[in-house]
2 protein chains.
Amino acid sequence: MTRPHQPPLTYAAAGVDIDAADRALARVKTLARATFTPGVLSEIGSFGGLFTLRPDDPQAEVLVASADGVGTKLRVAQMAGIHHTVGEDLVNHCVNDILVQGARPLFFLDYLAAGRLVPEVIVALVEGVARGCAANGCALLGGETAEMPGLYAEDEYDVAGFIVGAVRRDRLLPRADVAAGDALVGLPSSGLHTNGYSLARKVFFELLALTVDSHVPDLGHTVAEELLAVHRSYLRPVQPLMEAGLVKAAAHITGGGIPDNLPRVLPAGLGAEIYPHSWVEPPVFGLIRAVGRVPEEDMRRTFNLGVGMILLVGEERLGELLAALPGDCPGRVIGRVAASPGVRFLGGGRDS
Amino acid sequence: MTRPHQPPLTYAAAGVDIDAADRALARVKTLARATFTPGVLSEIGSFGGLFTLRPDDPQAEVLVASADGVGTKLRVAQMAGIHHTVGEDLVNHCVNDILVQGARPLFFLDYLAAGRLVPEVIVALVEGVARGCAANGCALLGGETAEMPGLYAEDEYDVAGFIVGAVRRDRLLPRADVAAGDALVGLPSSGLHTNGYSLARKVFFELLALTVDSHVPDLGHTVAEELLAVHRSYLRPVQPLMEAGLVKAAAHITGGGIPDNLPRVLPAGLGAEIYPHSWVEPPVFGLIRAVGRVPEEDMRRTFNLGVGMILLVGEERLGELLAALPGDCPGRVIGRVAASPGVRFLGGGRDS
């Protein structure tokens, strides 16, 4: 179904310039660091920012905060007229971002801006947000709803979420004992989660010229069903493992994929080996790879490829951790922490 | 300079349907309330949401959180190519929203979404955010920067801010002793702050057909200088008064003006009388009123009209409070708390 002479799709070709973003983010980090007060315990760039009201107390509860959007998955929601799932995506994305620092969610606020406030759309969105909050034991504490004619088109909107959680300072992740040889346990994603939608939209709506309602036999359901699958929350399966001290560190696999997200929780000097054939990749990724002729490197930096979260666990507790994961969220060893920096995929890509 | 047969501008005519928003917000409140956990101390609709980690401790520090945007003031920033002031607006708006509950800011996160990430624009925006954070003693703890081609036009972006502050639970505002007869002390705004821009843009860019660079003799500067004046933070002048116990309650005058914002801090059954001739209205509001032929009721529900914050103070401490305000933020009695509900403007409007 691909066009005969269509060039391979890369994230840059799909309109996202990752390097330009990186340059700006480096400067942004410097600007932010200059505002840090004694309560700040984190560097900009961790999954969540860390703040304590009692900098001198090593056992104080630390607040962990994160802000997120759902990217251009919103466009799919708007095309399909289905608005509640992205509300849930927003919450779960935020919950996962602070979970990987060991935190339980406390409260959530949303920001919703639209060209025109259509009550049914707002309510559907917030229903999703509230459902996500309730499922994660997180209070929906407030939010801002803004009608911005002229900035957004009438039927368009954007949403952002903001979460605050807490963890005792001495239980913060990543722990200091992450070491070469530790197992990387991958947890299954529910689909694209909230990343790679600029590229996925090009594949489904431009190259394949499908609509949101098109049934895709290879996927077993419609484009909307695939692309709007809710970003999974790992709180329920993972929190008990963290409380039991089984997890040394965890990485939420979002934009940038494993290569960009896993190193965020590795100590300086360490890296990782990934076994890409160790897990079963959901069919949507193979379809995107084939139709878009997307180079493997771009696939890996754009999508979760079926692994939504990675837990780092010492070999001696690996069996215990795998056994403790519930049946609906099975873990699988997808690699190891390595003694030298960098993330290396062993055994070739799916297209090799 | 008005068109001869131009109909009066109202906020609804400018494209903002306040009633539709109100209906959706009522349902949203119900949905949010269902997620409340024992830590939640506030109702949805207060300026900031309140959360405590220790619900049983009456002296515990309470977290106060708020989310905000800067509305279509962003369009003016984008037209003028000036991006740092809206960053500062965003912080100050959030700081004021939690200040009126008695809280000092702890940390801030931003969400920035653009059609294309232009490094210079991102950096300018965050420079403004960082400047605002530093001026308010608030850490810029993190944020999300998203490139969303297809959702935003190339040169357009939206920003949202999230703030968390803290206040000892027994120092929360509004206090329970707000009573009929208390003075309403108005503090000067620096211009439109971040509200009423849909209407203001119609007046300046459609009815008057000006550009951002047009010099407006009545204002003494350009349209951009007027419309991008930074939303003032009241933290420095007001926090010492709160610490001294002089302030019973405070209202941040944002969208909805005095009629919508002042009642948010009044006990059930009480209202207010406002003396609209008691303060000097900045010329920009008179210009908008005249050119747009905006009914006084719409002016009052749309703009701060020169009063950016209202402090409620008992008569016995009024002199002390007025004397304690710094020279660059003088207070003025603009009304009184009344014994019956509703906000009444005495003495007619500016156009009467």
# chains A, B, ... in the order shown; residues from 1 in each chain; ligands from 1
$ residues_around --residues "B:Asp89" --least-positions-apart "4" --cutoff "7 Å" --atoms "only C-alpha atoms" --output "ChimeraX atom specification"
/B:70,85,93,230-231
$ closest_atom_pairs --of "chain A" --to "chain B" --cutoff "7 Å" --atoms "only C-alpha atoms" --output "CSV"
residue,atom,partner,partner_atom,distance
A:Gly15,CA,B:Pro149,CA,6.4
A:Val16,CA,B:Glu147,CA,6.6
A:Ala20,CA,B:Pro119,CA,6.3
A:Ala21,CA,B:Leu117,CA,6.2
A:Arg23,CA,B:Pro119,CA,7.0
A:Ala24,CA,B:Pro119,CA,4.8
A:Arg27,CA,B:Val123,CA,6.8
A:Val28,CA,B:Val123,CA,6.2
A:Leu31,CA,B:Ala130,CA,6.2
A:Ala32,CA,B:Leu140,CA,5.3
A:Thr35,CA,B:Ala139,CA,5.0
A:Phe36,CA,B:Ala139,CA,4.8
A:Thr37,CA,B:Ala139,CA,5.8
A:Ile44,CA,B:Gly142,CA,5.7
A:Gly49,CA,B:Leu141,CA,5.4
A:Ser66,CA,B:Gly143,CA,6.9
A:Ala67,CA,B:Gly143,CA,5.5
A:Asp68,CA,B:Glu144,CA,5.6
A:Gly71,CA,B:Met148,CA,6.2
A:Thr72,CA,B:Met148,CA,5.8
A:Arg75,CA,B:Leu151,CA,6.7
A:Leu109,CA,B:Ala67,CA,6.6
A:Tyr111,CA,B:Ala67,CA,6.5
A:Leu117,CA,B:Ala21,CA,6.2
A:Pro119,CA,B:Ala24,CA,4.8
A:Ile122,CA,B:Ala24,CA,6.5
A:Val123,CA,B:Ala24,CA,6.2
A:Val126,CA,B:Val28,CA,6.4
A:Glu127,CA,B:Leu31,CA,6.6
A:Ala130,CA,B:Ala32,CA,6.0
A:Cys133,CA,B:Thr35,CA,6.5
A:Ala134,CA,B:Thr35,CA,5.3
A:Cys138,CA,B:Thr35,CA,6.9
A:Ala139,CA,B:Phe36,CA,4.8
A:Leu140,CA,B:Ala32,CA,5.3
A:Leu141,CA,B:Gly49,CA,5.4
A:Gly142,CA,B:Ile44,CA,5.8
A:Gly143,CA,B:Ala67,CA,5.5
A:Glu144,CA,B:Asp68,CA,5.6
A:Ala146,CA,B:Gly71,CA,6.8
A:Glu147,CA,B:Val16,CA,6.6
A:Met148,CA,B:Thr72,CA,5.8
A:Pro149,CA,B:Gly15,CA,6.3
A:Leu151,CA,B:Arg75,CA,6.7
A:Ala160,CA,B:Tyr111,CA,6.9
A:Phe162,CA,B:Phe162,CA,6.8
$ atom_distance --atom1 "atom CA of A:Asn261" --atom2 "atom CA of A:Met242"
19.3 Å
$ select_by_dssp --residues "stretch 105-330 of chain A" --states "alpha helix (DSSP H)" --output "VMD selection string"
chain A and resid 119 to 135 197 to 201 223 to 227 235 to 243 257 to 261 283 to 292 296 to 302 315 to 324
$ closest_residue --among "B:Asp260, B:Asp182, B:Glu225, B:Asp213" --to "B:Ala338" --atoms "only C-alpha atoms"
B:Asp182
$ residues_around --residues "A:Val313" --least-positions-apart "6" --cutoff "10 Å" --atoms "only C-alpha atoms" --output "JSON, numbers by chain"
{"A": [177, 178, 179, 181, 182, 183, 184, 185, 245, 246, 247, 248, 249, 250, 319, 320, 321, 322, 333, 336, 337]}
